[in-house]
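*Asks:* I am sharing final.pdb, which consists of PDB, C-alpha atoms:
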ATOM      1  CA  MET A 707       5.281 -14.071  -2.033
ATOM      2  CA  ILE A 708       6.764 -11.361   0.155
ATOM      3  CA  LEU A 709       5.974 -11.363   3.887
ATOM      4  CA  ALA A 710       7.497  -8.303   5.522
ATOM      5  CA  PRO A 711       6.483  -5.744   8.149
ATOM      6  CA  VAL A 712       5.451  -2.179   7.345
ATOM      7  CA  GLY A 713       8.457  -0.171   6.185
ATOM      8  CA  ALA A 714      10.569  -3.193   5.209
ATOM      9  CA  GLY A 715      10.447  -2.418   1.483
ATOM     10  CA  LYS A 716       7.654  -4.556   0.031
ATOM     11  CA  THR A 717       6.827  -1.951  -2.627
ATOM     12  CA  ALA A 718      10.490  -1.619  -3.635
ATOM     13  CA  LEU A 719      10.820  -5.408  -3.915
ATOM     14  CA  THR A 720       7.572  -5.599  -5.877
ATOM     15  CA  LEU A 721       8.653  -2.875  -8.315
ATOM     16  CA  THR A 722      12.018  -4.575  -8.835
ATOM     17  CA  ALA A 723      10.347  -7.911  -9.569
ATOM     18  CA  MET A 724       7.916  -6.292 -12.012
ATOM     19  CA  GLN A 725      10.724  -4.480 -13.842
ATOM     20  CA  ASP A 726      12.626  -7.736 -14.278
ATOM     21  CA  MET A 727       9.552  -9.599 -15.520
ATOM     22  CA  LEU A 728       8.567  -6.802 -17.913
ATOM     23  CA  ARG A 729      11.920  -7.177 -19.626
ATOM     24  CA  TYR A 730      11.234 -10.844 -20.439
ATOM     25  CA  SER A 731       7.488 -11.148 -20.996
ATOM     26  CA  ILE A 732       5.662 -10.750 -24.301
ATOM     27  CA  VAL A 733       2.779  -8.772 -22.792
ATOM     28  CA  LYS A 734       4.314  -5.662 -21.303
ATOM     29  CA  ARG A 735       1.811  -4.779 -18.576
ATOM     30  CA  TRP A 736       1.331  -5.595 -14.912
ATOM     31  CA  LEU A 737      -1.809  -5.085 -12.854
ATOM     32  CA  VAL A 738      -1.350  -4.195  -9.196
ATOM     33  CA  LEU A 739      -4.342  -4.682  -6.903
ATOM     34  CA  ALA A 740      -4.278  -2.948  -3.540
ATOM     35  CA  PRO A 741      -6.558  -1.267  -1.027
ATOM     36  CA  LYS A 742      -7.550   2.191  -2.252
ATOM     37  CA  ARG A 743      -5.429   4.030   0.297
ATOM     38  CA  VAL A 744      -2.307   2.062  -0.689
ATOM     39  CA  CYS A 745      -2.989   2.931  -4.347
ATOM     40  CA  THR A 746      -3.168   6.637  -3.649
ATOM     41  CA  ASP A 747      -0.680   7.052  -0.762
ATOM     42  CA  VAL A 748       2.048   4.447  -1.270
ATOM     43  CA  TRP A 749       2.501   3.653  -4.973
ATOM     44  CA  PRO A 750       2.818   7.252  -6.275
ATOM     45  CA  VAL A 751       5.500   7.964  -3.643
ATOM     46  CA  GLU A 752       7.483   4.730  -3.944
ATOM     47  CA  GLN A 753       7.447   4.274  -7.734
ATOM     48  CA  PRO A 754       9.616   7.326  -8.573
ATOM     49  CA  LYS A 755      12.206   6.182  -6.013
ATOM     50  CA  TRP A 756      12.475   2.544  -7.085
ATOM     51  CA  ALA A 757      11.334   2.443 -10.712
ATOM     52  CA  PRO A 758      11.710   5.950 -12.153
ATOM     53  CA  ASP A 759      11.890   4.666 -15.738
ATOM     54  CA  PHE A 760       8.557   2.879 -15.516
ATOM     55  CA  GLU A 761       5.355   4.845 -15.884
ATOM     56  CA  ILE A 762       2.458   3.777 -13.710
ATOM     57  CA  ALA A 763      -1.215   4.559 -14.087
ATOM     58  CA  ILE A 764      -3.279   4.818 -10.912
ATOM     59  CA  ALA A 765      -6.956   3.893 -11.290
ATOM     60  CA  THR A 766      -8.635   4.060  -7.915
ATOM     61  CA  GLY A 767     -12.290   3.863  -8.572
ATOM     62  CA  THR A 768     -14.031   6.154 -11.000
ATOM     63  CA  PRO A 769     -14.860   4.812 -14.460
ATOM     64  CA  ALA A 770     -12.886   7.689 -16.026
ATOM     65  CA  GLN A 771      -9.749   6.805 -14.051
ATOM     66  CA  ARG A 772     -10.068   3.142 -14.968
ATOM     67  CA  GLN A 773     -10.546   3.949 -18.665
ATOM     68  CA  THR A 774      -7.580   6.344 -18.646
ATOM     69  CA  ALA A 775      -5.404   3.707 -16.986
ATOM     70  CA  PHE A 776      -6.515   0.999 -19.364
ATOM     71  CA  ASP A 777      -5.986   3.185 -22.440
ATOM     72  CA  SER A 778      -2.569   4.412 -21.305
ATOM     73  CA  ALA A 779       0.637   2.759 -22.434
ATOM     74  CA  ALA A 780       1.826   2.535 -18.835
ATOM     75  CA  PRO A 781       3.359  -0.854 -18.161
ATOM     76  CA  ILE A 782       2.100  -0.828 -14.572
ATOM     77  CA  VAL A 783      -1.539  -0.216 -13.706
ATOM     78  CA  VAL A 784      -2.403   0.159 -10.028
ATOM     79  CA  THR A 785      -6.030  -0.159  -8.985
ATOM     80  CA  ASN A 786      -8.034  -1.011  -5.913
ATOM     81  CA  TYR A 787      -9.559  -4.428  -5.316
ATOM     82  CA  ASP A 788     -13.073  -3.081  -5.888
ATOM     83  CA  ALA A 789     -12.243  -2.151  -9.490
ATOM     84  CA  VAL A 790     -10.569  -5.399 -10.571
ATOM     85  CA  GLU A 791     -13.552  -6.604 -12.615
ATOM     86  CA  LYS A 792     -13.137  -3.613 -14.949
ATOM     87  CA  PHE A 793      -9.773  -4.867 -16.206
ATOM     88  CA  ALA A 794      -9.314  -7.831 -18.534
ATOM     89  CA  SER A 795      -6.783 -10.185 -16.977
ATOM     90  CA  VAL A 796      -5.552 -11.320 -20.408
ATOM     91  CA  GLU A 797      -4.187  -7.826 -21.023
ATOM     92  CA  PHE A 798      -1.580  -8.284 -18.287
ATOM     93  CA  ALA A 799       1.522 -10.471 -18.084
ATOM     94  CA  GLY A 800       1.420 -10.322 -14.322
ATOM     95  CA  VAL A 801      -0.631  -9.418 -11.307
ATOM     96  CA  VAL A 802       0.425  -8.247  -7.868
ATOM     97  CA  LEU A 803      -1.773  -8.525  -4.805
ATOM     98  CA  ASP A 804      -0.546  -5.771  -2.505
ATOM     99  CA  GLU A 805      -1.877  -6.384   1.007
ATOM    100  CA  SER A 806      -2.590  -9.938  -0.091
ATOM    101  CA  SER A 807      -4.068 -10.875   3.272
ATOM    102  CA  ILE A 808      -7.313 -10.332   1.334
ATOM    103  CA  LEU A 809      -6.870 -14.057   0.537
ATOM    104  CA  LYS A 810      -7.252 -14.962   4.224
ATOM    105  CA  SER A 811     -10.657 -16.653   4.107
ATOM    106  CA  PHE A 812     -10.277 -20.325   3.106
ATOM    107  CA  MET A 813     -13.580 -20.517   1.226
ATOM    108  CA  GLY A 814     -14.185 -16.783   0.834
ATOM    109  CA  ALA A 815     -15.784 -15.352  -2.294
ATOM    110  CA  THR A 816     -12.926 -12.844  -2.810
ATOM    111  CA  LYS A 817     -10.287 -15.574  -2.609
ATOM    112  CA  ARG A 818     -12.157 -17.792  -5.066
ATOM    113  CA  TYR A 819     -12.732 -14.875  -7.450
ATOM    114  CA  LEU A 820      -9.061 -13.826  -7.487
ATOM    115  CA  VAL A 821      -7.780 -17.407  -7.819
ATOM    116  CA  ASP A 822     -10.147 -18.118 -10.711
ATOM    117  CA  ARG A 823      -9.742 -14.738 -12.391
ATOM    118  CA  PHE A 824      -5.952 -14.892 -12.558
ATOM    119  CA  ALA A 825      -5.471 -18.652 -12.996
ATOM    120  CA  GLY A 826      -4.045 -18.112 -16.489
ATOM    121  CA  THR A 827      -1.866 -15.107 -15.644
ATOM    122  CA  PRO A 828       1.760 -16.170 -16.122
ATOM    123  CA  TYR A 829       3.377 -14.036 -13.413
ATOM    124  CA  LYS A 830       1.931 -13.486  -9.938
ATOM    125  CA  LEU A 831       3.234 -11.899  -6.779
ATOM    126  CA  CYS A 832       1.673 -11.468  -3.353
ATOM    127  CA  ALA A 833       2.939  -9.012  -0.746
ATOM    128  CA  THR A 834       1.640  -8.447   2.757
ATOM    129  CA  ALA A 835       2.729  -7.087   6.101
ATOM    130  CA  THR A 836      -0.097  -8.704   8.009
ATOM    131  CA  PRO A 837      -0.181 -12.458   7.495
ATOM    132  CA  ALA A 838      -1.699 -14.281  10.398
ATOM    133  CA  PRO A 839       1.489 -15.741  11.905
ATOM    134  CA  ASN A 840      -0.018 -19.113  12.742
ATOM    135  CA  ASP A 841      -2.615 -19.308  10.010
ATOM    136  CA  HIS A 842      -1.365 -22.100   7.813
ATOM    137  CA  LEU A 843      -4.545 -21.999   5.743
ATOM    138  CA  GLU A 844      -3.752 -18.436   4.690
ATOM    139  CA  LEU A 845      -0.387 -19.658   3.402
ATOM    140  CA  GLY A 846      -2.281 -22.337   1.497
ATOM    141  CA  ASN A 847      -4.553 -19.697  -0.024
ATOM    142  CA  HIS A 848      -1.513 -17.751  -1.195
ATOM    143  CA  SER A 849      -0.007 -20.911  -2.648
ATOM    144  CA  GLU A 850      -3.242 -21.599  -4.512
ATOM    145  CA  PHE A 851      -3.427 -18.054  -5.921
ATOM    146  CA  LEU A 852       0.205 -18.280  -7.049
ATOM    147  CA  GLY A 853      -0.509 -21.578  -8.807
ATOM    148  CA  ILE A 854       1.880 -23.613  -6.676
ATOM    149  CA  LEU A 855      -0.419 -26.019  -4.831
ATOM    150  CA  SER A 856      -4.104 -25.776  -3.980
ATOM    151  CA  SER A 857      -5.152 -25.241  -0.372
ATOM    152  CA  HIS A 858      -6.794 -28.657  -0.341
ATOM    153  CA  GLN A 859      -3.660 -30.374  -1.647
ATOM    154  CA  MET A 860      -1.559 -28.579   0.969
ATOM    155  CA  ILE A 861      -3.868 -29.723   3.761
ATOM    156  CA  ALA A 862      -3.896 -33.315   2.535
ATOM    157  CA  ARG A 863      -0.104 -33.417   2.328
ATOM    158  CA  TRP A 864       0.999 -31.800   5.596
ATOM    159  CA  PHE A 865      -2.002 -31.505   7.920
ATOM    160  CA  ILE A 866      -4.369 -33.575   9.976
ATOM    161  CA  ASN A 867      -7.856 -32.670  11.148
ATOM    162  CA  ASP A 868      -7.602 -31.521  14.766
ATOM    163  CA  THR A 869     -10.423 -33.453  16.409
ATOM    164  CA  SER A 870     -10.174 -31.389  19.598
ATOM    165  CA  LYS A 871     -11.224 -28.236  17.691
ATOM    166  CA  MET A 872     -13.847 -28.709  15.022
ATOM    167  CA  GLY A 873     -12.923 -27.362  11.599
ATOM    168  CA  THR A 874      -9.236 -26.798  12.380
ATOM    169  CA  TYR A 875      -6.099 -28.465  11.130
ATOM    170  CA  ARG A 876      -2.681 -28.980  12.652
ATOM    171  CA  LEU A 877       0.628 -29.851  11.074
ATOM    172  CA  LYS A 878       1.496 -33.529  11.195
ATOM    173  CA  GLY A 879       4.391 -33.953  13.626
ATOM    174  CA  HIS A 880       6.734 -35.495  11.062
ATOM    175  CA  ALA A 881       5.789 -32.919   8.424
ATOM    176  CA  VAL A 882       6.818 -29.679  10.152
ATOM    177  CA  GLU A 883      10.260 -29.391   8.548
ATOM    178  CA  SER A 884       9.008 -30.518   5.148
ATOM    179  CA  PHE A 885       6.150 -27.990   5.254
ATOM    180  CA  TRP A 886       8.378 -25.027   6.090
ATOM    181  CA  ASP A 887      10.937 -26.100   3.487
ATOM    182  CA  TRP A 888       8.119 -26.056   0.940
ATOM    183  CA  VAL A 889       6.937 -22.583   2.055
ATOM    184  CA  ALA A 890      10.528 -21.301   1.865
ATOM    185  CA  SER A 891      10.714 -22.509  -1.751
ATOM    186  CA  TRP A 892       8.145 -19.930  -2.909
ATOM    187  CA  ALA A 893       7.906 -17.257  -0.173
ATOM    188  CA  VAL A 894      10.309 -14.715   1.250
ATOM    189  CA  CYS A 895       9.924 -13.507   4.822
ATOM    190  CA  ALA A 896      11.873 -10.469   5.987
ATOM    191  CA  GLY A 897      12.000  -8.708   9.312
ATOM    192  CA  LEU A 898      14.282  -5.782   8.494
ATOM    193  CA  PRO A 899      14.560  -3.481   5.472
TER     194      PRO A 899
END
Re-express the file's structure as structure tokens.
*Replies:*
Amino acid sequence: MILAPVGAGKTALTLTAMQDMLRYSIVKRWLVLAPKRVCTDVWPVEQPKWAPDFEIAIATGTPAQRQTAFDSAAPIVVTNYDAVEKFASVEFAGVVLDESSILKSFMGATKRYLVDRFAGTPYKLCATATPAPNDHLELGNHSEFLGILSSHQMIARWFINDTSKMGTYRLKGHAVESFWDWVASWAVCAGLP
């Protein structure tokens, strides 16, 4: 997971990670899911700079674009979240959630769909500039998507129900250091490019 502000190089880091994984995986394709504007404005500009040897196919919505992207030999397919159901997850060695704050809702339908849909995908990466800074449940949702630990297991291990605010959790006092050590074992947070 990459947590970094706008302009800190999330796309460059993502492309580098995908290139490395493509060298070692049997299935030679990655699926990148992003908001439509990121697909059309960011990926076509950043890819030639950071991964000029890797062809990408951009499929941002129309059935023709999706079919062209799926039929192409491009190792990286970039599509918007609304078109994800048109792609078979088994065709991809990895999946990237660009602007992964889409996983924010603890019991949201989108979160459940993405977690279930890509449960068997060997390589996963999340990147976002806008994580809620104090939303521990969002970190748990990312952990669950990445296959590290489910949100419920995370809550049971490090949190206690905050009885002063219904439906909220707070870190157990003795668990603060352990929790952040765990997060640091699977997430990277950067403030500068």
*Asks:* Carefully work through the PyMOL selection byres ((chain A and resi 865) around 10) for this structure and note down the residues it includes, as a ChimeraX atom specification.
*Replies:* /A:842,858-864,866-868,874-879,881-882,885
*Asks:* Please enumerate the residues selected by the PyMOL selection byres ((chain A and resi 722) around 12) when evaluated against the supplied file, formatted as a list in words.
*Replies:* Gly715, Lys716, Thr717, Ala718, Leu719, Thr720, Leu721, Ala723, Met724, Gln725, Asp726, Met727, Leu728, Arg729, Glu752, Gln753, Lys755, Trp756, Ala757, Pro758, Asp759, Phe760 and Leu831 of chain A
*Asks:* When you draw a straight line from CA of Tyr829 (chain A) to CA of Ser731 (chain A), how long is it in Å?
*Replies:*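 One can read the CA of Tyr829 (chain A) to CA of Ser731 (chain A) distance as 9.1 Å.
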*Asks:* To one decimal place, how far is CA of Val790 (chain A) from CA of Gly713 (chain A) in Å?
*Replies:*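 Separation of CA of Val790 (chain A) and CA of Gly713 (chain A): 25.9 Å.
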*Asks:* Hey, which of A:Ile854, A:Ala779, A:Val738, A:Ala763 ends up closest to Trp888 (chain A)? Count all atoms listed in the file.
*Replies:*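 The answer is A:Ile854, which sits nearest to Trp888 (chain A).
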*Asks:* Between CA of Trp736 (chain A) and CA of Ala835 (chain A), what distance in Å does the model show, to one decimal?
*Replies:*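 Between CA of Trp736 (chain A) and CA of Ala835 (chain A) the gap works out to 21.1 Å.
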*Asks:* In terms of the shortest atom-to-atom distance over all atoms listed in the file, which of A:Phe851, A:Tyr787, A:Trp886, A:Phe824 is closest to Asp804 (chain A)?
*Replies:*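 Among A:Phe851, A:Tyr787, A:Trp886, A:Phe824, it is A:Tyr787 that comes nearest to Asp804 (chain A).
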*Asks:* With the file shown as input, list the residues that the PyMOL selection byres ((chain A and resi 800) around 6) selects, as an MDAnalysis selection string.
*Replies:* chainID A and resid 736 798:799 801 827 829:830
*Asks:* What lies within 7 Å of Thr785 (chain A) using all atoms listed in the file, ignoring chain neighbours under 6 positions off, as a VMD selection string?
*Replies:* chain A and resid 738 to 740 745 764 to 766
*Asks:* Taking all atoms listed in the file into account, which of A:Gly814, A:Cys895, A:Ser778, A:Leu843 comes nearest Gly873 (chain A)?
*Replies:* A:Leu843
*Asks:* Please provide the set of residues having any atom within 12 Å of Glu791 (chain A), restricted to only C-alpha atoms, with same-chain residues fewer than 2 positions apart removed, written as number ranges by chain.
*Replies:* A: 737, 739, 767, 769, 772, 785-789, 793-795, 816, 819-820, 823-824
*Asks:* Using the block above, I'd like region 787-802 of chain A written out, keeping C-alpha atoms and formatting it as a compact mmCIF listing (two decimals), in the first residue's frame.
*Replies:*
# COMPACT_ATOMS: atom_id res chain seq x y z
CA TYR A 787 -13.87 1.26 -11.40
CA ASP A 788 -17.22 1.21 -13.21
CA ALA A 789 -15.88 -1.19 -15.85
CA VAL A 790 -14.20 -3.73 -13.55
CA GLU A 791 -16.93 -6.36 -13.98
CA LYS A 792 -16.09 -6.60 -17.69
CA PHE A 793 -12.64 -8.03 -16.97
CA ALA A 794 -11.99 -11.56 -15.72
CA SER A 795 -9.78 -11.34 -12.64
CA VAL A 796 -8.15 -14.70 -13.42
CA GLU A 797 -6.58 -13.15 -16.52
CA PHE A 798 -4.38 -10.90 -14.38
CA ALA A 799 -1.42 -11.66 -12.11
CA GLY A 800 -2.02 -8.47 -10.21
CA VAL A 801 -4.42 -5.66 -9.54
CA VAL A 802 -3.79 -2.06 -8.54
